[in-house]
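Peer 1: Sharing a structure below in structure tokens format, with a few things to ask.
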Amino acid sequence: MSVVRDFAEPLAIVFEDDGLVPNNILPFLVYQGAVTLDPKQPEETIENLFETNGWGGTWRNGVYDYLHYHATVHEVLGVARGHARVRFGGDHGQELEIKAGDVAVLPAGTGHQCIEASDDFCVIGAYPPGSKMEITRATPENHAKALQTIPQVALPPADPVTGEHGALMRLWRS
């Protein structure tokens, strides 16, 4: 039995480069309520989903409360518990409320920062194979370097939510 809601389709947003946060020409994706969580083991539900679709290096935590991005890797964030208001795309981006069962897929360079979170907020993060995660702060020097590294980041082999025929495959390759 699949833990992914039938016909899960993400919200897709393209954030502009703001001079400090490069973002990406690929759209940021949010699957709202896409994952049916096992109430006894919601973290494992998301970890298993990501690993089944080839995304690994999983971790459990929240989202940092300072603006940052990853210029060397794409990242997926699955909310296992609670809810939070997170600004995606940098200071000129968009604040979104994310909650248990939601999944956000951040193409390399996408700024993100937790604005507010419930006490039980827990996110599962993961990455496509072969990538090394580095946390990058929004500075002019880091921005210049990121503009060189982001285009070199390989496209993932599968959507972390819906697999090799998922929306990411269509939206990131068109």
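Just remember, in the structure tokens the first chain shown is A, the second B, etc., residues are 1-based per chain, and ligands are 1-based in the order shown.
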Using only C-alpha atoms, which protein or nucleic acid residues come within 7 Å of segment 97-108 of chain A? Drop anything in the same chain fewer than 4 positions from it, and give the result as number ranges by chain.
Peer 2: A: 24, 26, 28-37, 70-86, 150
Peer 1: Nearest to Ala126 of chain A among A:Gly109, A:Gly62, A:Gly56, A:Pro140, with distances taken over only C-alpha atoms: which residue is it?
Peer 2: A:Gly56
Peer 1: Please measure the separation of atom CA of Pro42 of chain A and atom CA of Gly93 of chain A, giving the value in Å to one decimal.
Peer 2: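 These two atoms are separated by 28.9 Å.
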Peer 1: Might you pull out every residue within 9 Å of Arg87 of chain A, with only C-alpha atoms counted and same-chain residues fewer than 6 positions away left off, and present them as an MDAnalysis selection string?
Peer 2: chainID A and resid 67 93:97 111:115
Peer 1: Please indicate the distance in Å from atom CA of Gln41 of chain A to atom CA of His68 of chain A, rounded to one decimal place.
Peer 2: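 Interatomic distance, atom CA of Gln41 of chain A to atom CA of His68 of chain A: 29.1 Å.
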Peer 1: Record the distance separating atom CA of Trp55 of chain A and atom CA of Pro27 of chain A, expressed in Å with one decimal.
Peer 2: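 According to the coordinates, atom CA of Trp55 of chain A and atom CA of Pro27 of chain A are separated by 18.3 Å.
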Peer 1: Could you pull out the residues in segment 18-174 of chain A that DSSP calls alpha helix (DSSP H) from the backbone, as a count of residues only?
Peer 2: 26
Peer 1: Write down as a PyMOL selection string the residues of segment 62-124 of chain A whose backbone DSSP state falls under strand (DSSP E or B).
Peer 2: chain A and resi 68-69+75-81+83-88+94-99+103-106+112-117+122-124
Peer 1: Between A:Asn142, A:Thr52, A:Thr110, A:Thr45, single out the one closest to Asp17 of chain A, counting only C-alpha atoms.
Peer 2: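 Checking each candidate against Asp17 of chain A, we get A:Thr110 as the closest.
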Peer 1: Just the residues within 9 Å of Gly163 of chain A, please, counting only C-alpha atoms, with nothing from its chain fewer than 4 positions along; format it as a compact mmCIF listing (two decimals) with C-alpha atoms, in the first residue's frame.
Peer 2:
```
# COMPACT_ATOMS: atom_id res chain seq x y z
CA PHE A 50 12.60 8.92 0.31
CA THR A 52 12.57 3.89 -1.84
CA ASN A 53 12.85 6.70 -4.40
CA GLY A 54 16.65 6.86 -4.22
CA PRO A 157 17.16 10.18 -10.90
CA ALA A 158 13.69 10.22 -9.30
CA ASP A 159 11.12 12.41 -7.57
CA ALA A 167 6.20 15.49 -11.21
CA LEU A 168 9.80 16.49 -10.50
CA MET A 169 10.90 14.47 -13.52
```
Peer 1: Excluding Leu147 of chain A and any residue of its chain fewer than 4 positions from it, enumerate the residues within 8 Å of it, using only C-alpha atoms, and give them as a PDB file with C-alpha atoms, in the first residue's frame.
Peer 2:
```
ATOM      1  CA  PRO A  22      20.837  32.547  -6.045  1.00  0.00           C
ATOM      2  CA  HIS A 143      26.533  34.051  -4.073  1.00  0.00           C
ATOM      3  CA  PRO A 151      24.588  24.581 -12.750  1.00  0.00           C
TER       4      PRO A 151
END
```
Peer 1: So which one's closest to Gly130 of chain A, A:Gly19, A:Pro10, A:Pro156, A:Gly166? Using only C-alpha atoms, please.
Peer 2: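 So, comparing all the options, the nearest one is A:Pro156.
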Peer 1: Pick the closest to Ile13 of chain A from A:Leu49, A:Val63, A:Ile25, A:Ala138: which is it, counting only C-alpha atoms?
Peer 2: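 Selected residue with least distance to Ile13 of chain A: A:Ile25.
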